[in-house]
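data.pdb, holding PDB, C-alpha atoms and all ligand atoms:
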ATOM      1  CA  MET A   1      -9.797  19.928 -10.195  1.00  0.00           C
ATOM      2  CA  GLU A   2     -11.395  19.848 -13.654  1.00  0.00           C
ATOM      3  CA  ASN A   3     -15.125  19.188 -13.872  1.00  0.00           C
ATOM      4  CA  CYS A   4     -15.684  19.278 -10.119  1.00  0.00           C
ATOM      5  CA  ILE A   5     -18.862  21.218  -9.365  1.00  0.00           C
ATOM      6  CA  PHE A   6     -17.734  22.225  -5.854  1.00  0.00           C
ATOM      7  CA  CYS A   7     -14.327  23.420  -7.089  1.00  0.00           C
ATOM      8  CA  LYS A   8     -16.213  25.571  -9.596  1.00  0.00           C
ATOM      9  CA  ILE A   9     -18.558  26.924  -6.917  1.00  0.00           C
ATOM     10  CA  ALA A  10     -15.568  27.616  -4.633  1.00  0.00           C
ATOM     11  CA  ALA A  11     -13.854  29.478  -7.486  1.00  0.00           C
ATOM     12  CA  GLY A  12     -17.026  31.488  -8.191  1.00  0.00           C
ATOM     13  CA  GLU A  13     -17.312  29.994 -11.693  1.00  0.00           C
ATOM     14  CA  ILE A  14     -20.756  28.558 -10.896  1.00  0.00           C
ATOM     15  CA  PRO A  15     -23.192  30.685  -8.885  1.00  0.00           C
ATOM     16  CA  SER A  16     -24.374  29.589  -5.452  1.00  0.00           C
ATOM     17  CA  ALA A  17     -26.235  31.161  -2.545  1.00  0.00           C
ATOM     18  CA  LYS A  18     -23.196  31.745  -0.345  1.00  0.00           C
ATOM     19  CA  ALA A  19     -23.668  32.222   3.380  1.00  0.00           C
ATOM     20  CA  TYR A  20     -19.958  32.452   4.328  1.00  0.00           C
ATOM     21  CA  GLU A  21     -16.591  32.366   2.640  1.00  0.00           C
ATOM     22  CA  ASP A  22     -12.978  32.735   3.677  1.00  0.00           C
ATOM     23  CA  ASP A  23      -9.649  31.664   2.209  1.00  0.00           C
ATOM     24  CA  GLU A  24     -10.160  27.965   2.935  1.00  0.00           C
ATOM     25  CA  ILE A  25     -13.878  27.176   3.104  1.00  0.00           C
ATOM     26  CA  VAL A  26     -17.139  28.228   1.501  1.00  0.00           C
ATOM     27  CA  ILE A  27     -20.654  27.655   2.889  1.00  0.00           C
ATOM     28  CA  PHE A  28     -23.659  27.812   0.552  1.00  0.00           C
ATOM     29  CA  LYS A  29     -27.253  26.586   0.312  1.00  0.00           C
ATOM     30  CA  ASP A  30     -27.860  23.060  -0.979  1.00  0.00           C
ATOM     31  CA  ILE A  31     -29.987  23.144  -4.158  1.00  0.00           C
ATOM     32  CA  GLU A  32     -32.118  20.234  -2.929  1.00  0.00           C
ATOM     33  CA  PRO A  33     -32.655  21.025   0.752  1.00  0.00           C
ATOM     34  CA  LYS A  34     -33.376  18.108   3.088  1.00  0.00           C
ATOM     35  CA  ALA A  35     -34.281  20.384   6.012  1.00  0.00           C
ATOM     36  CA  LYS A  36     -35.581  23.915   6.487  1.00  0.00           C
ATOM     37  CA  ILE A  37     -31.953  25.049   6.498  1.00  0.00           C
ATOM     38  CA  HIS A  38     -29.567  22.880   4.493  1.00  0.00           C
ATOM     39  CA  LEU A  39     -26.109  24.290   3.878  1.00  0.00           C
ATOM     40  CA  LEU A  40     -23.003  22.724   2.410  1.00  0.00           C
ATOM     41  CA  CYS A  41     -19.671  23.547   3.996  1.00  0.00           C
ATOM     42  CA  VAL A  42     -16.923  22.891   1.464  1.00  0.00           C
ATOM     43  CA  PRO A  43     -13.181  23.109   2.081  1.00  0.00           C
ATOM     44  CA  LYS A  44     -11.781  24.736  -1.070  1.00  0.00           C
ATOM     45  CA  GLU A  45      -9.054  22.115  -1.405  1.00  0.00           C
ATOM     46  CA  HIS A  46     -10.196  19.273  -3.618  1.00  0.00           C
ATOM     47  CA  PHE A  47     -10.212  15.830  -2.038  1.00  0.00           C
ATOM     48  CA  ALA A  48     -13.056  13.354  -1.797  1.00  0.00           C
ATOM     49  CA  TYR A  49     -12.527  11.142   1.223  1.00  0.00           C
ATOM     50  CA  LEU A  50     -11.605  11.339   4.882  1.00  0.00           C
ATOM     51  CA  SER A  51      -9.243   8.443   4.132  1.00  0.00           C
ATOM     52  CA  GLU A  52      -7.149  10.963   2.141  1.00  0.00           C
ATOM     53  CA  THR A  53      -6.636  13.139   5.224  1.00  0.00           C
ATOM     54  CA  ASP A  54      -3.020  13.832   6.114  1.00  0.00           C
ATOM     55  CA  ASP A  55      -1.983  15.967   9.108  1.00  0.00           C
ATOM     56  CA  ARG A  56      -2.419  19.210   7.176  1.00  0.00           C
ATOM     57  CA  ARG A  57      -5.918  18.282   6.048  1.00  0.00           C
ATOM     58  CA  ALA A  58      -6.747  17.099   9.573  1.00  0.00           C
ATOM     59  CA  ALA A  59      -5.901  20.600  10.811  1.00  0.00           C
ATOM     60  CA  LEU A  60      -8.025  22.113   8.007  1.00  0.00           C
ATOM     61  CA  LEU A  61     -10.985  19.916   8.977  1.00  0.00           C
ATOM     62  CA  GLY A  62     -10.508  20.818  12.636  1.00  0.00           C
ATOM     63  CA  ARG A  63     -10.600  24.511  11.800  1.00  0.00           C
ATOM     64  CA  THR A  64     -13.645  23.881   9.602  1.00  0.00           C
ATOM     65  CA  LEU A  65     -15.558  22.303  12.503  1.00  0.00           C
ATOM     66  CA  GLN A  66     -14.450  25.131  14.785  1.00  0.00           C
ATOM     67  CA  LYS A  67     -15.727  27.721  12.291  1.00  0.00           C
ATOM     68  CA  ILE A  68     -19.081  25.967  11.936  1.00  0.00           C
ATOM     69  CA  GLY A  69     -19.457  26.141  15.702  1.00  0.00           C
ATOM     70  CA  ARG A  70     -18.568  29.817  15.734  1.00  0.00           C
ATOM     71  CA  LEU A  71     -20.862  30.652  12.786  1.00  0.00           C
ATOM     72  CA  LYS A  72     -23.908  28.649  13.887  1.00  0.00           C
ATOM     73  CA  ASP A  73     -25.991  31.644  14.957  1.00  0.00           C
ATOM     74  CA  SER A  74     -25.269  33.704  11.848  1.00  0.00           C
ATOM     75  CA  LEU A  75     -26.120  30.666   9.700  1.00  0.00           C
ATOM     76  CA  GLY A  76     -29.534  30.326  11.376  1.00  0.00           C
ATOM     77  CA  LEU A  77     -28.492  27.143  13.172  1.00  0.00           C
ATOM     78  CA  GLY A  78     -28.586  28.498  16.715  1.00  0.00           C
ATOM     79  CA  GLY A  79     -31.440  26.184  17.693  1.00  0.00           C
ATOM     80  CA  GLY A  80     -29.337  23.105  16.981  1.00  0.00           C
ATOM     81  CA  TYR A  81     -28.089  21.422  13.861  1.00  0.00           C
ATOM     82  CA  ARG A  82     -26.756  18.220  12.364  1.00  0.00           C
ATOM     83  CA  VAL A  83     -23.431  17.789  10.553  1.00  0.00           C
ATOM     84  CA  VAL A  84     -23.293  14.984   7.993  1.00  0.00           C
ATOM     85  CA  ILE A  85     -20.438  13.800   5.784  1.00  0.00           C
ATOM     86  CA  ASN A  86     -21.464  11.214   3.192  1.00  0.00           C
ATOM     87  CA  GLN A  87     -18.575   8.977   2.195  1.00  0.00           C
ATOM     88  CA  GLY A  88     -18.728   6.580  -0.708  1.00  0.00           C
ATOM     89  CA  GLU A  89     -21.368   4.558  -2.433  1.00  0.00           C
ATOM     90  CA  ASN A  90     -23.341   3.151   0.491  1.00  0.00           C
ATOM     91  CA  ALA A  91     -23.737   6.632   1.949  1.00  0.00           C
ATOM     92  CA  GLY A  92     -24.939   7.973  -1.397  1.00  0.00           C
ATOM     93  CA  GLN A  93     -22.077  10.432  -1.864  1.00  0.00           C
ATOM     94  CA  THR A  94     -22.737  12.082  -5.227  1.00  0.00           C
ATOM     95  CA  VAL A  95     -20.119  14.855  -5.278  1.00  0.00           C
ATOM     96  CA  LEU A  96     -16.567  13.581  -4.924  1.00  0.00           C
ATOM     97  CA  HIS A  97     -15.277  16.720  -3.207  1.00  0.00           C
ATOM     98  CA  LEU A  98     -15.437  16.439   0.564  1.00  0.00           C
ATOM     99  CA  HIS A  99     -18.252  18.497   2.069  1.00  0.00           C
ATOM    100  CA  LEU A 100     -20.184  18.776   5.301  1.00  0.00           C
ATOM    101  CA  HIS A 101     -23.970  18.996   5.218  1.00  0.00           C
ATOM    102  CA  LEU A 102     -25.329  21.396   7.862  1.00  0.00           C
ATOM    103  CA  LEU A 103     -28.973  20.689   8.590  1.00  0.00           C
ATOM    104  CA  GLY A 104     -31.220  22.636  10.918  1.00  0.00           C
ATOM    105  CA  GLY A 105     -33.733  25.425  11.222  1.00  0.00           C
ATOM    106  CA  GLU A 106     -36.260  22.949  12.644  1.00  0.00           C
ATOM    107  CA  ALA A 107     -36.391  19.800  14.797  1.00  0.00           C
ATOM    108  CA  LEU A 108     -34.706  16.993  12.851  1.00  0.00           C
ATOM    109  CA  PRO A 109     -35.972  13.409  12.934  1.00  0.00           C
ATOM    110  CA  TRP A 110     -33.507  10.870  14.383  1.00  0.00           C
ATOM    111  CA  GLU A 111     -34.537   7.239  14.067  1.00  0.00           C
TER     112      GLU A 111
HETATM  113  P1  LIG B   1     -23.617  14.209  -1.315  1.00  0.00           P
HETATM  114  O1  LIG B   1     -24.767  13.381  -1.825  1.00  0.00           O
HETATM  115  O2  LIG B   1     -22.406  14.064  -2.209  1.00  0.00           O
HETATM  116  O3  LIG B   1     -23.309  14.023   0.123  1.00  0.00           O
HETATM  117  O4  LIG B   1     -24.132  15.706  -1.409  1.00  0.00           O
HETATM  118  C1  LIG B   1     -24.070  16.481  -2.552  1.00  0.00           C
HETATM  119  C2  LIG B   1     -25.054  17.603  -2.343  1.00  0.00           C
HETATM  120  O5  LIG B   1     -24.753  18.622  -3.274  1.00  0.00           O
HETATM  121  C3  LIG B   1     -26.504  17.200  -2.583  1.00  0.00           C
HETATM  122  O6  LIG B   1     -27.261  17.438  -1.390  1.00  0.00           O
HETATM  123  C4  LIG B   1     -26.951  18.097  -3.732  1.00  0.00           C
HETATM  124  O7  LIG B   1     -28.266  18.566  -3.605  1.00  0.00           O
HETATM  125  C5  LIG B   1     -25.935  19.214  -3.702  1.00  0.00           C
HETATM  126  N1  LIG B   1     -25.627  19.799  -4.988  1.00  0.00           N
HETATM  127  C6  LIG B   1     -25.287  19.139  -6.128  1.00  0.00           C
HETATM  128  N2  LIG B   1     -25.043  19.999  -7.122  1.00  0.00           N
HETATM  129  C7  LIG B   1     -25.202  21.251  -6.591  1.00  0.00           C
HETATM  130  C8  LIG B   1     -25.070  22.566  -7.144  1.00  0.00           C
HETATM  131  O8  LIG B   1     -24.750  22.773  -8.307  1.00  0.00           O
HETATM  132  N3  LIG B   1     -25.325  23.608  -6.298  1.00  0.00           N
HETATM  133  C9  LIG B   1     -25.663  23.422  -4.992  1.00  0.00           C
HETATM  134  N4  LIG B   1     -25.894  24.509  -4.264  1.00  0.00           N
HETATM  135  N5  LIG B   1     -25.796  22.195  -4.445  1.00  0.00           N
HETATM  136  C10 LIG B   1     -25.570  21.120  -5.235  1.00  0.00           C
HETATM  137 ZN    ZN B   2     -13.411  19.725  -6.205  1.00  0.00          ZN
END

As a first step, turn the structure in this file into structure tokens.
Ligand code: 5GP
Ligand code: ZN
Amino acid sequence: MENCIFCKIAAGEIPSAKAYEDDEIVIFKDIEPKAKIHLLCVPKEHFAYLSETDDRRAALLGRTLQKIGRLKDSLGLGGGYRVVINQGENAGQTVLHLHLHLLGGEALPWE
């Protein structure tokens, strides 16, 4: 997708601090961390919203969650972590390429 920052990061056209990559996802550090560890887990396929999820994408997202669970220790999230997906304007989604925020490395406030 033209002019999508996460497509460019996934393609290696824009540098990022990558923590993990395979054929379908990439995980890298958020440039404006909201917790001691703040990673972005980005499926390489470009789509913006969960409402665009067909069966194939549902399987991709399932595998993505499974991988996050398997990678938690190597990502520094072994003490616990939060997974956040911002969707749309009210949630403050700024990048219209679906991504999962992984927050941890410390106790996270929950109010
Ligand atoms: P959203 O607000 O869409 O849920 O999250 C987008 C996230 O992407 C933000 O937390 C923001 O800091 C991060 N971000 C935006 N541009 C870049 C970039 O070029 N590199 C990295 N590593 N993170 C970015
Ligand atoms: Zn994209």

Evaluating the PyMOL selection byres (((chain A and resi 81-94) around 12) and not hetatm) on the displayed file yields which residues, as number ranges by chain?
A: 4-6, 34-42, 47-52, 61, 64-65, 68-69, 71-73, 75-80, 95-110

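The interatomic distance for the pair CA of Arg63 in chain A and CA of Glu111 in chain A works out to 29.6 Å.
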
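Checking A:Ile9, A:Asp30, A:Glu2, A:Ser74 one by one against Lys44 in chain A, counting all atoms listed in the file, you find the shortest gap at A:Ile9.
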
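Coordinates place atom O8 of ligand LIG 1 (chain B) at a distance of 25.4 Å from CA of Gln66 in chain A.
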
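Taking only C-alpha atoms and all ligand atoms into account, ligand ZN 2 (chain B) lies nearest to A:His46 out of the set A:Phe28, A:Lys8, A:Arg57, A:His46.
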
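For the choices A:Pro15, A:Lys67, A:Glu32, A:Glu45, the atom-to-atom distance to ligand ZN 2 (chain B) is smallest for A:Glu45 when using only C-alpha atoms and all ligand atoms.
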
Mind working out the centre and edge lengths of an axis-aligned box for range 14-18 of chain A, all listed atoms inside, 8 Å added to each side, rounded to one decimal in Å and written as JSON?
{"center_x": -23.5, "center_y": 30.2, "center_z": -5.6, "size_x": 21.5, "size_y": 19.2, "size_z": 26.6}

I'd like the interatomic distance between atom C3 of ligand LIG 1 (chain B) and CA of Asp55 in chain A, to a tenth of an Å.
27.2 Å

Given all atoms listed in the file as the basis, pick out the residue of A:Cys7, A:Ile31, A:Val26, A:Met1 nearest to ligand LIG 1 (chain B).
A:Ile31

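Residue nearest ligand ZN 2 (chain B) within the list A:Thr53, A:Gly62, A:Lys29, A:Pro43: A:Pro43 [criterion: smallest interatomic distance, all atoms listed in the file].
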
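Among the candidates A:Asp54, A:Glu24, A:Pro33, A:Ala11, the residue lying nearest to ligand LIG 1 (chain B) is A:Pro33 (atoms considered: all atoms listed in the file).
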
N, CA, C and O atoms are what I want for range 24-38 of chain A; can you complete it accordingly and write them as a CSV table (one decimal), keeping the file's coordinate frame?
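Everything below was put into rebuild01.csv:
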chain,number,residue,atom,x,y,z
A,24,GLU,N,-10.2,29.4,3.0
A,24,GLU,CA,-10.2,28.0,2.9
A,24,GLU,C,-11.5,27.2,2.9
A,24,GLU,O,-11.5,26.0,2.6
A,25,ILE,N,-12.6,27.9,3.2
A,25,ILE,CA,-13.9,27.2,3.1
A,25,ILE,C,-14.9,28.1,2.5
A,25,ILE,O,-14.8,29.3,2.5
A,26,VAL,N,-16.0,27.5,1.9
A,26,VAL,CA,-17.1,28.2,1.5
A,26,VAL,C,-18.4,27.5,2.0
A,26,VAL,O,-18.4,26.2,2.1
A,27,ILE,N,-19.4,28.2,2.4
A,27,ILE,CA,-20.7,27.7,2.9
A,27,ILE,C,-21.8,28.2,2.0
A,27,ILE,O,-21.9,29.5,1.9
A,28,PHE,N,-22.6,27.3,1.4
A,28,PHE,CA,-23.7,27.8,0.6
A,28,PHE,C,-24.9,26.9,0.7
A,28,PHE,O,-24.8,25.8,1.2
A,29,LYS,N,-26.0,27.4,0.2
A,29,LYS,CA,-27.3,26.6,0.3
A,29,LYS,C,-27.2,25.4,-0.6
A,29,LYS,O,-26.8,25.5,-1.8
A,30,ASP,N,-27.7,24.2,-0.1
A,30,ASP,CA,-27.9,23.1,-1.0
A,30,ASP,C,-29.0,23.3,-1.9
A,30,ASP,O,-30.1,23.9,-1.5
A,31,ILE,N,-28.9,22.9,-3.2
A,31,ILE,CA,-30.0,23.1,-4.2
A,31,ILE,C,-31.2,22.2,-3.9
A,31,ILE,O,-32.3,22.5,-4.4
A,32,GLU,N,-31.0,21.1,-3.2
A,32,GLU,CA,-32.1,20.2,-2.9
A,32,GLU,C,-32.2,20.0,-1.4
A,32,GLU,O,-31.8,19.0,-0.9
A,33,PRO,N,-32.7,21.1,-0.7
A,33,PRO,CA,-32.7,21.0,0.8
A,33,PRO,C,-33.4,19.9,1.4
A,33,PRO,O,-34.5,19.6,1.0
A,34,LYS,N,-32.8,19.2,2.4
A,34,LYS,CA,-33.4,18.1,3.1
A,34,LYS,C,-33.9,18.5,4.5
A,34,LYS,O,-34.3,17.7,5.2
A,35,ALA,N,-33.8,19.8,4.8
A,35,ALA,CA,-34.3,20.4,6.0
A,35,ALA,C,-34.6,21.9,5.7
A,35,ALA,O,-34.2,22.4,4.7
A,36,LYS,N,-35.2,22.5,6.7
A,36,LYS,CA,-35.6,23.9,6.5
A,36,LYS,C,-34.3,24.7,6.2
A,36,LYS,O,-34.3,25.6,5.3
A,37,ILE,N,-33.3,24.5,6.9
A,37,ILE,CA,-32.0,25.0,6.5
A,37,ILE,C,-31.0,23.9,6.1
A,37,ILE,O,-30.9,22.9,6.9
A,38,HIS,N,-30.5,23.9,4.9
A,38,HIS,CA,-29.6,22.9,4.5
A,38,HIS,C,-28.4,23.6,3.8
A,38,HIS,O,-28.6,24.0,2.6
